[in-house]
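*Asks:* For reference, this is data-v2.cif, and it has mmCIF, N, CA and C atoms.
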```cif
data_my_file
#
loop_
_atom_site.label_atom_id
_atom_site.label_comp_id
_atom_site.auth_asym_id
_atom_site.auth_seq_id
_atom_site.Cartn_x
_atom_site.Cartn_y
_atom_site.Cartn_z
N GLY W 1 -15.45 -80.06 -180.49
CA GLY W 1 -15.09 -81.41 -180.86
C GLY W 1 -15.81 -81.82 -182.12
N SER W 2 -15.46 -82.99 -182.60
CA SER W 2 -16.05 -83.50 -183.84
C SER W 2 -16.91 -84.72 -183.58
N SER W 3 -17.54 -84.75 -182.43
CA SER W 3 -18.41 -85.87 -182.08
C SER W 3 -19.63 -85.88 -183.01
N PRO W 4 -20.35 -87.00 -183.06
CA PRO W 4 -21.57 -87.04 -183.88
C PRO W 4 -22.57 -85.95 -183.50
N VAL W 5 -22.67 -85.61 -182.23
CA VAL W 5 -23.58 -84.54 -181.81
C VAL W 5 -23.08 -83.20 -182.33
N ALA W 6 -21.79 -82.96 -182.26
CA ALA W 6 -21.22 -81.70 -182.77
C ALA W 6 -21.48 -81.56 -184.26
N LEU W 7 -21.29 -82.63 -185.00
CA LEU W 7 -21.52 -82.60 -186.44
C LEU W 7 -23.00 -82.33 -186.76
N ALA W 8 -23.89 -82.98 -186.03
CA ALA W 8 -25.33 -82.78 -186.25
C ALA W 8 -25.74 -81.35 -185.90
N LEU W 9 -25.22 -80.83 -184.79
CA LEU W 9 -25.56 -79.47 -184.38
C LEU W 9 -25.02 -78.46 -185.40
N ALA W 10 -23.80 -78.65 -185.84
CA ALA W 10 -23.21 -77.75 -186.84
C ALA W 10 -24.02 -77.78 -188.13
N ASP W 11 -24.58 -78.93 -188.46
CA ASP W 11 -25.36 -79.09 -189.68
C ASP W 11 -26.66 -78.30 -189.64
N ILE W 12 -27.31 -78.21 -188.49
CA ILE W 12 -28.63 -77.59 -188.45
C ILE W 12 -28.65 -76.17 -187.87
N ALA W 13 -27.65 -75.79 -187.12
CA ALA W 13 -27.70 -74.50 -186.41
C ALA W 13 -27.77 -73.30 -187.35
N GLY W 14 -27.10 -73.36 -188.47
CA GLY W 14 -27.10 -72.25 -189.41
C GLY W 14 -28.48 -71.94 -189.96
N ARG W 15 -29.31 -72.96 -190.08
CA ARG W 15 -30.66 -72.75 -190.61
C ARG W 15 -31.55 -71.98 -189.64
N PHE W 16 -31.08 -71.82 -188.42
CA PHE W 16 -31.83 -71.09 -187.40
C PHE W 16 -31.15 -69.77 -187.03
N GLY W 17 -30.26 -69.31 -187.91
CA GLY W 17 -29.66 -68.00 -187.73
C GLY W 17 -28.41 -67.98 -186.87
N PHE W 18 -27.85 -69.11 -186.55
CA PHE W 18 -26.61 -69.15 -185.78
C PHE W 18 -25.42 -69.29 -186.73
N ALA W 19 -24.44 -68.41 -186.59
CA ALA W 19 -23.20 -68.54 -187.34
C ALA W 19 -22.35 -69.56 -186.60
N VAL W 20 -21.92 -70.59 -187.28
CA VAL W 20 -21.24 -71.73 -186.64
C VAL W 20 -19.74 -71.65 -186.86
N THR W 21 -19.00 -71.78 -185.76
CA THR W 21 -17.55 -71.97 -185.81
C THR W 21 -17.27 -73.29 -185.12
N ALA W 22 -16.69 -74.22 -185.84
CA ALA W 22 -16.33 -75.51 -185.26
C ALA W 22 -14.92 -75.44 -184.72
N CYS W 23 -14.75 -75.86 -183.47
CA CYS W 23 -13.44 -75.87 -182.83
C CYS W 23 -13.08 -77.30 -182.48
N ALA W 24 -11.95 -77.74 -182.98
CA ALA W 24 -11.47 -79.09 -182.70
C ALA W 24 -9.99 -79.13 -183.07
N PRO W 25 -9.28 -80.11 -182.52
CA PRO W 25 -7.86 -80.20 -182.86
C PRO W 25 -7.64 -80.73 -184.28
N GLY W 26 -6.81 -80.01 -185.02
CA GLY W 26 -6.30 -80.38 -186.33
C GLY W 26 -7.17 -81.22 -187.23
N VAL W 27 -6.80 -82.47 -187.34
CA VAL W 27 -7.41 -83.37 -188.31
C VAL W 27 -8.90 -83.59 -188.05
N GLU W 28 -9.36 -83.42 -186.81
CA GLU W 28 -10.78 -83.59 -186.51
C GLU W 28 -11.64 -82.58 -187.26
N LEU W 29 -11.07 -81.44 -187.62
CA LEU W 29 -11.83 -80.41 -188.33
C LEU W 29 -12.28 -80.87 -189.71
N LEU W 30 -11.59 -81.85 -190.28
CA LEU W 30 -11.96 -82.35 -191.60
C LEU W 30 -13.36 -82.93 -191.60
N ALA W 31 -13.85 -83.39 -190.47
CA ALA W 31 -15.18 -83.97 -190.37
C ALA W 31 -16.27 -82.95 -190.67
N PHE W 32 -15.97 -81.66 -190.52
CA PHE W 32 -16.97 -80.61 -190.70
C PHE W 32 -17.10 -80.13 -192.14
N GLY W 33 -16.22 -80.51 -193.01
CA GLY W 33 -16.29 -80.01 -194.38
C GLY W 33 -15.76 -78.60 -194.46
N THR W 34 -16.14 -77.90 -195.51
CA THR W 34 -15.57 -76.58 -195.76
C THR W 34 -16.58 -75.44 -195.68
N ASP W 35 -17.82 -75.74 -195.35
CA ASP W 35 -18.86 -74.71 -195.33
C ASP W 35 -18.90 -73.90 -194.04
N LEU W 36 -18.13 -74.28 -193.05
CA LEU W 36 -18.16 -73.62 -191.75
C LEU W 36 -16.86 -72.89 -191.48
N ALA W 37 -16.94 -71.95 -190.53
CA ALA W 37 -15.71 -71.38 -189.99
C ALA W 37 -15.08 -72.45 -189.10
N LEU W 38 -13.80 -72.66 -189.26
CA LEU W 38 -13.10 -73.70 -188.50
C LEU W 38 -12.00 -73.08 -187.66
N HIS W 39 -11.82 -73.62 -186.47
CA HIS W 39 -10.77 -73.13 -185.57
C HIS W 39 -10.03 -74.33 -184.99
N ASP W 40 -8.73 -74.35 -185.18
CA ASP W 40 -7.90 -75.45 -184.70
C ASP W 40 -7.67 -75.32 -183.20
N GLY W 41 -8.18 -76.28 -182.45
CA GLY W 41 -7.98 -76.32 -181.00
C GLY W 41 -9.18 -75.83 -180.22
N TYR W 42 -9.01 -75.78 -178.92
CA TYR W 42 -10.10 -75.41 -178.02
C TYR W 42 -9.91 -74.05 -177.34
N VAL W 43 -8.80 -73.39 -177.62
CA VAL W 43 -8.63 -72.03 -177.12
C VAL W 43 -9.36 -71.13 -178.10
N LEU W 44 -10.41 -70.50 -177.64
CA LEU W 44 -11.27 -69.75 -178.54
C LEU W 44 -10.61 -68.46 -178.99
N PRO W 45 -10.86 -68.07 -180.24
CA PRO W 45 -10.24 -66.87 -180.76
C PRO W 45 -10.74 -65.61 -180.08
N ALA W 46 -9.94 -64.57 -180.15
CA ALA W 46 -10.34 -63.27 -179.59
C ALA W 46 -11.63 -62.82 -180.26
N GLY W 47 -12.44 -62.14 -179.50
CA GLY W 47 -13.68 -61.64 -180.05
C GLY W 47 -14.90 -62.44 -179.67
N PHE W 48 -14.69 -63.62 -179.07
CA PHE W 48 -15.83 -64.36 -178.57
C PHE W 48 -16.38 -63.57 -177.40
N GLY W 49 -17.65 -63.28 -177.43
CA GLY W 49 -18.22 -62.42 -176.39
C GLY W 49 -19.57 -62.88 -175.92
N ALA W 50 -20.24 -62.02 -175.21
CA ALA W 50 -21.47 -62.35 -174.52
C ALA W 50 -22.60 -62.78 -175.46
N ASN W 51 -22.53 -62.41 -176.73
CA ASN W 51 -23.59 -62.82 -177.65
C ASN W 51 -23.32 -64.18 -178.28
N ARG W 52 -22.34 -64.89 -177.80
CA ARG W 52 -21.96 -66.20 -178.35
C ARG W 52 -22.63 -67.33 -177.60
N TYR W 53 -22.86 -68.40 -178.33
CA TYR W 53 -23.38 -69.65 -177.77
C TYR W 53 -22.28 -70.68 -177.95
N ILE W 54 -21.85 -71.27 -176.86
CA ILE W 54 -20.78 -72.26 -176.93
C ILE W 54 -21.32 -73.60 -176.46
N VAL W 55 -21.13 -74.61 -177.28
CA VAL W 55 -21.54 -75.96 -176.93
C VAL W 55 -20.31 -76.85 -177.00
N VAL W 56 -19.95 -77.43 -175.86
CA VAL W 56 -18.82 -78.36 -175.81
C VAL W 56 -19.39 -79.74 -176.08
N ALA W 57 -19.05 -80.28 -177.24
CA ALA W 57 -19.57 -81.58 -177.65
C ALA W 57 -18.42 -82.50 -178.03
N THR W 58 -17.47 -82.62 -177.12
CA THR W 58 -16.28 -83.44 -177.35
C THR W 58 -16.55 -84.90 -177.02
N GLN W 59 -17.47 -85.15 -176.15
CA GLN W 59 -17.91 -86.49 -175.77
C GLN W 59 -16.75 -87.45 -175.49
N GLY W 60 -15.92 -87.04 -174.53
CA GLY W 60 -14.85 -87.90 -174.04
C GLY W 60 -13.49 -87.63 -174.66
N LYS W 61 -13.42 -86.84 -175.71
CA LYS W 61 -12.14 -86.54 -176.36
C LYS W 61 -11.78 -85.10 -176.07
N GLY W 62 -11.10 -84.85 -174.97
CA GLY W 62 -10.68 -83.50 -174.65
C GLY W 62 -11.72 -82.69 -173.89
N ASP W 63 -12.59 -83.36 -173.16
CA ASP W 63 -13.65 -82.66 -172.44
C ASP W 63 -13.13 -81.54 -171.55
N GLU W 64 -12.14 -81.86 -170.73
CA GLU W 64 -11.64 -80.87 -169.77
C GLU W 64 -11.00 -79.68 -170.48
N VAL W 65 -10.17 -79.93 -171.47
CA VAL W 65 -9.50 -78.86 -172.19
C VAL W 65 -10.53 -77.99 -172.92
N ALA W 66 -11.50 -78.63 -173.55
CA ALA W 66 -12.52 -77.88 -174.29
C ALA W 66 -13.40 -77.06 -173.36
N LEU W 67 -13.79 -77.65 -172.24
CA LEU W 67 -14.63 -76.91 -171.30
C LEU W 67 -13.85 -75.76 -170.67
N ARG W 68 -12.60 -75.98 -170.39
CA ARG W 68 -11.74 -74.91 -169.87
C ARG W 68 -11.66 -73.76 -170.89
N GLY W 69 -11.50 -74.10 -172.16
CA GLY W 69 -11.45 -73.08 -173.20
C GLY W 69 -12.76 -72.31 -173.30
N ALA W 70 -13.87 -73.02 -173.18
CA ALA W 70 -15.19 -72.38 -173.24
C ALA W 70 -15.38 -71.42 -172.08
N LEU W 71 -14.91 -71.81 -170.92
CA LEU W 71 -15.09 -70.99 -169.72
C LEU W 71 -14.10 -69.84 -169.63
N ALA W 72 -13.10 -69.85 -170.49
CA ALA W 72 -12.10 -68.76 -170.48
C ALA W 72 -12.62 -67.51 -171.17
N VAL W 73 -13.74 -67.62 -171.86
CA VAL W 73 -14.33 -66.46 -172.54
C VAL W 73 -15.73 -66.22 -171.99
N ASP W 74 -16.20 -65.02 -172.17
CA ASP W 74 -17.58 -64.72 -171.79
C ASP W 74 -18.49 -65.14 -172.93
N ALA W 75 -19.56 -65.81 -172.58
CA ALA W 75 -20.55 -66.22 -173.58
C ALA W 75 -21.92 -66.08 -172.97
N GLY W 76 -22.90 -65.86 -173.80
CA GLY W 76 -24.27 -65.74 -173.33
C GLY W 76 -24.87 -67.09 -172.98
N PHE W 77 -24.31 -68.16 -173.55
CA PHE W 77 -24.86 -69.51 -173.37
C PHE W 77 -23.70 -70.48 -173.49
N THR W 78 -23.53 -71.32 -172.49
CA THR W 78 -22.50 -72.36 -172.53
C THR W 78 -23.13 -73.67 -172.10
N ALA W 79 -22.94 -74.70 -172.90
CA ALA W 79 -23.52 -76.01 -172.60
C ALA W 79 -22.47 -77.09 -172.80
N PHE W 80 -22.63 -78.18 -172.06
CA PHE W 80 -21.73 -79.32 -172.14
C PHE W 80 -22.53 -80.57 -172.45
N VAL W 81 -22.16 -81.25 -173.53
CA VAL W 81 -22.82 -82.50 -173.91
C VAL W 81 -22.18 -83.62 -173.10
N GLY W 82 -22.89 -84.06 -172.10
CA GLY W 82 -22.40 -85.11 -171.22
C GLY W 82 -23.35 -85.26 -170.05
N SER W 83 -23.15 -86.30 -169.31
CA SER W 83 -24.03 -86.59 -168.18
C SER W 83 -23.78 -85.65 -167.01
N ARG W 84 -24.71 -85.62 -166.09
CA ARG W 84 -24.52 -84.85 -164.86
C ARG W 84 -23.31 -85.38 -164.09
N LYS W 85 -23.13 -86.70 -164.10
CA LYS W 85 -22.01 -87.32 -163.41
C LYS W 85 -20.67 -86.86 -164.00
N LYS W 86 -20.59 -86.86 -165.34
CA LYS W 86 -19.35 -86.42 -165.99
C LYS W 86 -19.09 -84.94 -165.70
N MET W 87 -20.14 -84.12 -165.74
CA MET W 87 -19.98 -82.69 -165.46
C MET W 87 -19.54 -82.49 -164.01
N ALA W 88 -20.08 -83.27 -163.10
CA ALA W 88 -19.68 -83.15 -161.69
C ALA W 88 -18.19 -83.47 -161.53
N ALA W 89 -17.72 -84.49 -162.23
CA ALA W 89 -16.29 -84.85 -162.16
C ALA W 89 -15.43 -83.74 -162.76
N LEU W 90 -15.85 -83.18 -163.88
CA LEU W 90 -15.11 -82.09 -164.50
C LEU W 90 -15.13 -80.85 -163.62
N ARG W 91 -16.26 -80.61 -163.00
CA ARG W 91 -16.39 -79.45 -162.12
C ARG W 91 -15.35 -79.51 -161.00
N LEU W 92 -15.15 -80.69 -160.43
CA LEU W 92 -14.15 -80.85 -159.37
C LEU W 92 -12.75 -80.51 -159.87
N LYS W 93 -12.42 -80.95 -161.07
CA LYS W 93 -11.10 -80.66 -161.65
C LYS W 93 -10.94 -79.18 -161.96
N LEU W 94 -11.99 -78.58 -162.52
CA LEU W 94 -11.91 -77.18 -162.94
C LEU W 94 -12.01 -76.20 -161.79
N ALA W 95 -12.62 -76.64 -160.69
CA ALA W 95 -12.85 -75.74 -159.54
C ALA W 95 -11.55 -75.23 -158.93
N VAL W 96 -10.45 -75.87 -159.24
CA VAL W 96 -9.15 -75.44 -158.72
C VAL W 96 -8.82 -74.02 -159.19
N ASP W 97 -9.18 -73.71 -160.45
CA ASP W 97 -8.83 -72.38 -160.96
C ASP W 97 -9.95 -71.68 -161.75
N VAL W 98 -11.14 -72.26 -161.75
CA VAL W 98 -12.29 -71.62 -162.39
C VAL W 98 -13.31 -71.30 -161.29
N PRO W 99 -13.73 -70.05 -161.19
CA PRO W 99 -14.68 -69.67 -160.14
C PRO W 99 -15.99 -70.47 -160.23
N ALA W 100 -16.55 -70.79 -159.08
CA ALA W 100 -17.79 -71.56 -159.02
C ALA W 100 -18.90 -70.86 -159.80
N ALA W 101 -18.97 -69.55 -159.72
CA ALA W 101 -20.02 -68.81 -160.43
C ALA W 101 -19.90 -69.03 -161.94
N LYS W 102 -18.70 -69.12 -162.44
CA LYS W 102 -18.49 -69.37 -163.87
C LYS W 102 -18.92 -70.80 -164.22
N LEU W 103 -18.57 -71.76 -163.38
CA LEU W 103 -18.96 -73.14 -163.60
C LEU W 103 -20.48 -73.30 -163.56
N ASP W 104 -21.13 -72.49 -162.75
CA ASP W 104 -22.58 -72.55 -162.62
C ASP W 104 -23.31 -72.11 -163.89
N THR W 105 -22.61 -71.44 -164.78
CA THR W 105 -23.25 -70.97 -166.02
C THR W 105 -23.39 -72.08 -167.06
N VAL W 106 -22.73 -73.20 -166.86
CA VAL W 106 -22.74 -74.27 -167.85
C VAL W 106 -24.01 -75.11 -167.72
N GLN W 107 -24.73 -75.22 -168.83
CA GLN W 107 -25.89 -76.11 -168.86
C GLN W 107 -25.39 -77.51 -169.15
N ALA W 108 -25.60 -78.41 -168.20
CA ALA W 108 -25.17 -79.79 -168.38
C ALA W 108 -26.15 -80.70 -167.63
N PRO W 109 -26.70 -81.66 -168.30
CA PRO W 109 -26.47 -81.97 -169.71
C PRO W 109 -27.07 -80.90 -170.63
N ALA W 110 -26.47 -80.78 -171.79
CA ALA W 110 -26.89 -79.76 -172.76
C ALA W 110 -28.27 -80.09 -173.33
N GLY W 111 -29.03 -79.04 -173.62
CA GLY W 111 -30.28 -79.22 -174.33
C GLY W 111 -31.51 -79.31 -173.45
N LEU W 112 -32.66 -79.17 -174.09
CA LEU W 112 -33.93 -79.37 -173.40
C LEU W 112 -34.18 -80.87 -173.28
N ASP W 113 -34.84 -81.26 -172.22
CA ASP W 113 -35.11 -82.68 -172.01
C ASP W 113 -36.25 -83.13 -172.92
N LEU W 114 -35.87 -83.67 -174.08
CA LEU W 114 -36.84 -84.18 -175.04
C LEU W 114 -36.85 -85.71 -175.05
N GLY W 115 -36.03 -86.31 -174.21
CA GLY W 115 -35.87 -87.76 -174.25
C GLY W 115 -35.00 -88.19 -175.43
N ALA W 116 -34.16 -87.28 -175.90
CA ALA W 116 -33.32 -87.51 -177.07
C ALA W 116 -32.34 -88.66 -176.85
N ILE W 117 -32.11 -89.43 -177.91
CA ILE W 117 -31.16 -90.54 -177.86
C ILE W 117 -30.12 -90.44 -178.97
N THR W 118 -30.56 -90.23 -180.20
CA THR W 118 -29.63 -90.21 -181.33
C THR W 118 -28.89 -88.87 -181.38
N PRO W 119 -27.74 -88.82 -182.06
CA PRO W 119 -27.03 -87.54 -182.20
C PRO W 119 -27.90 -86.43 -182.78
N ASP W 120 -28.71 -86.75 -183.78
CA ASP W 120 -29.58 -85.73 -184.37
C ASP W 120 -30.61 -85.22 -183.36
N GLU W 121 -31.17 -86.13 -182.58
CA GLU W 121 -32.15 -85.73 -181.57
C GLU W 121 -31.50 -84.89 -180.48
N ILE W 122 -30.29 -85.27 -180.07
CA ILE W 122 -29.58 -84.50 -179.05
C ILE W 122 -29.25 -83.11 -179.59
N ALA W 123 -28.81 -83.05 -180.85
CA ALA W 123 -28.52 -81.75 -181.48
C ALA W 123 -29.78 -80.89 -181.52
N LEU W 124 -30.91 -81.49 -181.85
CA LEU W 124 -32.18 -80.76 -181.87
C LEU W 124 -32.52 -80.22 -180.48
N SER W 125 -32.29 -81.02 -179.44
CA SER W 125 -32.60 -80.56 -178.08
C SER W 125 -31.69 -79.41 -177.67
N ILE W 126 -30.43 -79.45 -178.10
CA ILE W 126 -29.49 -78.36 -177.81
C ILE W 126 -29.90 -77.11 -178.57
N LEU W 127 -30.23 -77.27 -179.84
CA LEU W 127 -30.67 -76.13 -180.65
C LEU W 127 -31.94 -75.52 -180.05
N ALA W 128 -32.85 -76.35 -179.56
CA ALA W 128 -34.07 -75.84 -178.93
C ALA W 128 -33.73 -75.00 -177.70
N ALA W 129 -32.75 -75.45 -176.92
CA ALA W 129 -32.32 -74.68 -175.74
C ALA W 129 -31.68 -73.36 -176.17
N MET W 130 -30.94 -73.37 -177.25
CA MET W 130 -30.31 -72.15 -177.74
C MET W 130 -31.36 -71.15 -178.23
N VAL W 131 -32.34 -71.63 -178.97
CA VAL W 131 -33.41 -70.76 -179.46
C VAL W 131 -34.20 -70.21 -178.27
N ARG W 132 -34.49 -71.06 -177.31
CA ARG W 132 -35.21 -70.60 -176.12
C ARG W 132 -34.44 -69.48 -175.42
N HIS W 133 -33.12 -69.68 -175.25
CA HIS W 133 -32.28 -68.67 -174.61
C HIS W 133 -32.28 -67.38 -175.41
N ARG W 134 -32.14 -67.49 -176.72
CA ARG W 134 -32.13 -66.31 -177.58
C ARG W 134 -33.46 -65.55 -177.46
N ARG W 135 -34.56 -66.26 -177.45
CA ARG W 135 -35.86 -65.61 -177.37
C ARG W 135 -36.13 -65.03 -175.98
N LEU W 136 -35.62 -65.69 -174.95
CA LEU W 136 -35.75 -65.12 -173.60
C LEU W 136 -35.08 -63.75 -173.54
N ASP W 137 -33.89 -63.68 -174.13
CA ASP W 137 -33.17 -62.40 -174.16
C ASP W 137 -33.94 -61.35 -174.94
N GLN W 138 -34.53 -61.75 -176.05
CA GLN W 138 -35.23 -60.81 -176.91
C GLN W 138 -36.59 -60.39 -176.35
N ARG W 139 -37.17 -61.21 -175.53
CA ARG W 139 -38.50 -60.92 -174.99
C ARG W 139 -38.45 -60.49 -173.52
N GLY W 140 -37.30 -60.16 -173.05
CA GLY W 140 -37.18 -59.69 -171.67
C GLY W 140 -37.48 -60.77 -170.64
N GLY W 141 -37.14 -62.02 -170.96
CA GLY W 141 -37.29 -63.11 -170.00
C GLY W 141 -38.58 -63.89 -170.11
N GLU W 142 -39.39 -63.60 -171.16
CA GLU W 142 -40.65 -64.29 -171.33
C GLU W 142 -40.69 -65.02 -172.67
N VAL W 143 -41.15 -66.25 -172.65
CA VAL W 143 -41.37 -67.01 -173.87
C VAL W 143 -42.82 -67.43 -173.89
N ALA W 144 -43.49 -67.17 -175.01
CA ALA W 144 -44.91 -67.53 -175.12
C ALA W 144 -45.09 -69.03 -175.17
#
```
How does the structure come out when it is put into structure tokens?

*Replies:*
Amino acid sequence: GSSPVALALADIAGRFGFAVTACAPGVELLAFGTDLALHDGYVLPAGFGANRYIVVATQGKGDEVALRGALAVDAGFTAFVGSRKKMAALRLKLAVDVPAAKLDTVQAPAGLDLGAITPDEIALSILAAMVRHRRLDQRGGEVA
């Protein structure tokens, strides 16, 4: 999505070694500018695999469709920007055809609990969770 959190995360993630692909419907992609890989819609392109980090940051605009698209591929990290209550409601809808084990892989709310409020702070908390996950994988499950 092209929410303020998505824009902030896309802005900073590349500086930490993450290749960013923004996924949003049509005209929403214009919000990201031209420096990123852009993908029209929420059905992720072929080739998304276990080394990918997916953050659904639609914030009320296509949450279910975007989360469904994220869960249709294998990813090493999947997070949803939204409250526990919203994720619980989405989980009920998705449970009809998405296995519970797959739904359990979604970090929601997204990010480390830093007490973040602004979009930039929330993006930072998500990026911190992504870096933590990446380092856990690289260090065999241990972070100093």

*Asks:* Determine the axis-aligned bounding box of all atoms of region 16-19 of chain W present in the file, pad each side by 4 Å, and express its centre and edge lengths in Å to one decimal place as lines of an AutoDock Vina configuration file.

*Replies:*
```
center_x = -27.1
center_y = -69.9
center_z = -187.1
size_x = 17.5
size_y = 11.8
size_z = 10.6
```

*Asks:* So what do you get for CA of Val96 (chain W) versus CA of Tyr53 (chain W), distance-wise?

*Replies:*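 Separating CA of Val96 (chain W) from CA of Tyr53 (chain W) is a distance of 24.5 Å.
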
*Asks:* Of the candidates W:Asp63, W:Leu103, W:Leu36, W:Ala108, which one gets nearest to Ser83 (chain W) if we count all atoms listed in the file?

*Replies:*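 Of all the options, W:Ala108 lies closest to Ser83 (chain W).
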
*Asks:* Nearest to Ala57 (chain W): which of W:Ala6, W:Val43, W:Leu29, W:Leu38 is it, counting only N, CA and C atoms?

*Replies:* W:Ala6

*Asks:* Between W:Gly33, W:Ala89, W:Ala66, W:Val73, which residue has the minimum interatomic distance to Pro45 (chain W), considering only C-alpha atoms?

*Replies:*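 Residue with the minimum atom-to-atom distance to Pro45 (chain W): W:Val73.
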
*Asks:* May I have all residues of region 12-134 of chain W that DSSP, computed from the backbone, assigns to strand (DSSP E or B), given as a list in words?

*Replies:*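 Restricting region 12-134 of chain W to strand (DSSP E or B) produces Thr21, Ala22, Cys23, Ala24, Ala37, Leu38, His39, Asp40, Tyr53, Ile54, Val55, Val56, Phe77, Thr78, Ala79, Phe80, Val106 and Gln107 of chain W.
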
*Asks:* Distance atom C of Ala123 (chain W)-CA of Leu94 (chain W), one decimal place?

*Replies:*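 Distance between the two atoms: 26.0 Å.
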
*Asks:* Taking 4 positions as the minimum chain separation for residues in the same chain, which residues sit within 8 Å of Phe80 (chain W) when counting only N, CA and C atoms? Answer as a VMD selection string.

*Replies:* chain W and resid 54 to 59 67 87 105 to 111

*Asks:* Could you make a table, as a tab-separated table, of the residues of region 101-130 of chain W that have an atom within 10 Å of an atom of region 8-28 of chain W, each with its nearest atom pair and distance in Å to one decimal, counting only C-alpha atoms, in chain and number order?

*Replies:*
```
residue	atom	partner	partner_atom	distance
W:Thr118	CA	W:Ala8	CA	9.9
W:Pro119	CA	W:Ala8	CA	6.5
W:Asp120	CA	W:Ala8	CA	5.5
W:Glu121	CA	W:Ala8	CA	8.8
W:Ile122	CA	W:Leu9	CA	8.4
W:Ala123	CA	W:Leu9	CA	4.7
W:Leu124	CA	W:Leu9	CA	7.2
W:Ser125	CA	W:Leu9	CA	9.5
W:Ile126	CA	W:Leu9	CA	7.7
W:Leu127	CA	W:Ala13	CA	6.7
W:Ala128	CA	W:Ala13	CA	9.9
W:Met130	CA	W:Phe18	CA	9.3
```

*Asks:* Could you tell me how far atom N of Ala101 (chain W) lies from CA of Arg134 (chain W), in Å and to one decimal?

*Replies:* 22.4 Å

*Asks:* Run DSSP on the backbone and give me the residues of chain W it puts in helix (DSSP H, G or I), as a ChimeraX atom specification.

*Replies:* /W:4-16,26-32,63-71,84-94,100-103,119-138

*Asks:* For His133 (chain W), which residue among W:Gly62, W:Pro4, W:Gly69, W:Gly76 is the nearest when counting only C-alpha atoms?

*Replies:*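 Counting only C-alpha atoms, the residue closest to His133 (chain W) is W:Gly76.
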
*Asks:* Fix up region 87-98 of chain W with N, CA, C and O atoms, then write it as a compact mmCIF listing (two decimals), in the coordinates of the input.

*Replies:*
```txt
# COMPACT_ATOMS: atom_id res chain seq x y z
N MET W 87 -20.14 -84.12 -165.74
CA MET W 87 -19.98 -82.69 -165.46
C MET W 87 -19.54 -82.49 -164.01
O MET W 87 -18.70 -81.62 -163.74
N ALA W 88 -20.08 -83.27 -163.10
CA ALA W 88 -19.68 -83.15 -161.69
C ALA W 88 -18.19 -83.47 -161.53
O ALA W 88 -17.48 -82.78 -160.79
N ALA W 89 -17.72 -84.49 -162.23
CA ALA W 89 -16.29 -84.85 -162.16
C ALA W 89 -15.43 -83.74 -162.76
O ALA W 89 -14.38 -83.38 -162.20
N LEU W 90 -15.85 -83.18 -163.88
CA LEU W 90 -15.11 -82.09 -164.50
C LEU W 90 -15.13 -80.85 -163.62
O LEU W 90 -14.14 -80.13 -163.52
N ARG W 91 -16.26 -80.61 -163.00
CA ARG W 91 -16.39 -79.45 -162.12
C ARG W 91 -15.35 -79.51 -161.00
O ARG W 91 -14.74 -78.49 -160.66
N LEU W 92 -15.15 -80.69 -160.43
CA LEU W 92 -14.15 -80.85 -159.37
C LEU W 92 -12.75 -80.51 -159.87
O LEU W 92 -11.98 -79.83 -159.19
N LYS W 93 -12.42 -80.95 -161.07
CA LYS W 93 -11.10 -80.66 -161.65
C LYS W 93 -10.94 -79.18 -161.96
O LYS W 93 -9.90 -78.59 -161.71
N LEU W 94 -11.99 -78.58 -162.52
CA LEU W 94 -11.91 -77.18 -162.94
C LEU W 94 -12.01 -76.20 -161.79
O LEU W 94 -11.53 -75.08 -161.88
N ALA W 95 -12.62 -76.64 -160.69
CA ALA W 95 -12.85 -75.74 -159.54
C ALA W 95 -11.55 -75.23 -158.93
O ALA W 95 -11.56 -74.23 -158.21
N VAL W 96 -10.45 -75.87 -159.24
CA VAL W 96 -9.15 -75.44 -158.72
C VAL W 96 -8.82 -74.02 -159.19
O VAL W 96 -8.29 -73.22 -158.43
N ASP W 97 -9.18 -73.71 -160.45
CA ASP W 97 -8.83 -72.38 -160.96
C ASP W 97 -9.95 -71.68 -161.75
O ASP W 97 -9.74 -70.62 -162.32
N VAL W 98 -11.14 -72.26 -161.75
CA VAL W 98 -12.29 -71.62 -162.39
C VAL W 98 -13.31 -71.30 -161.29
O VAL W 98 -13.69 -72.18 -160.53
```
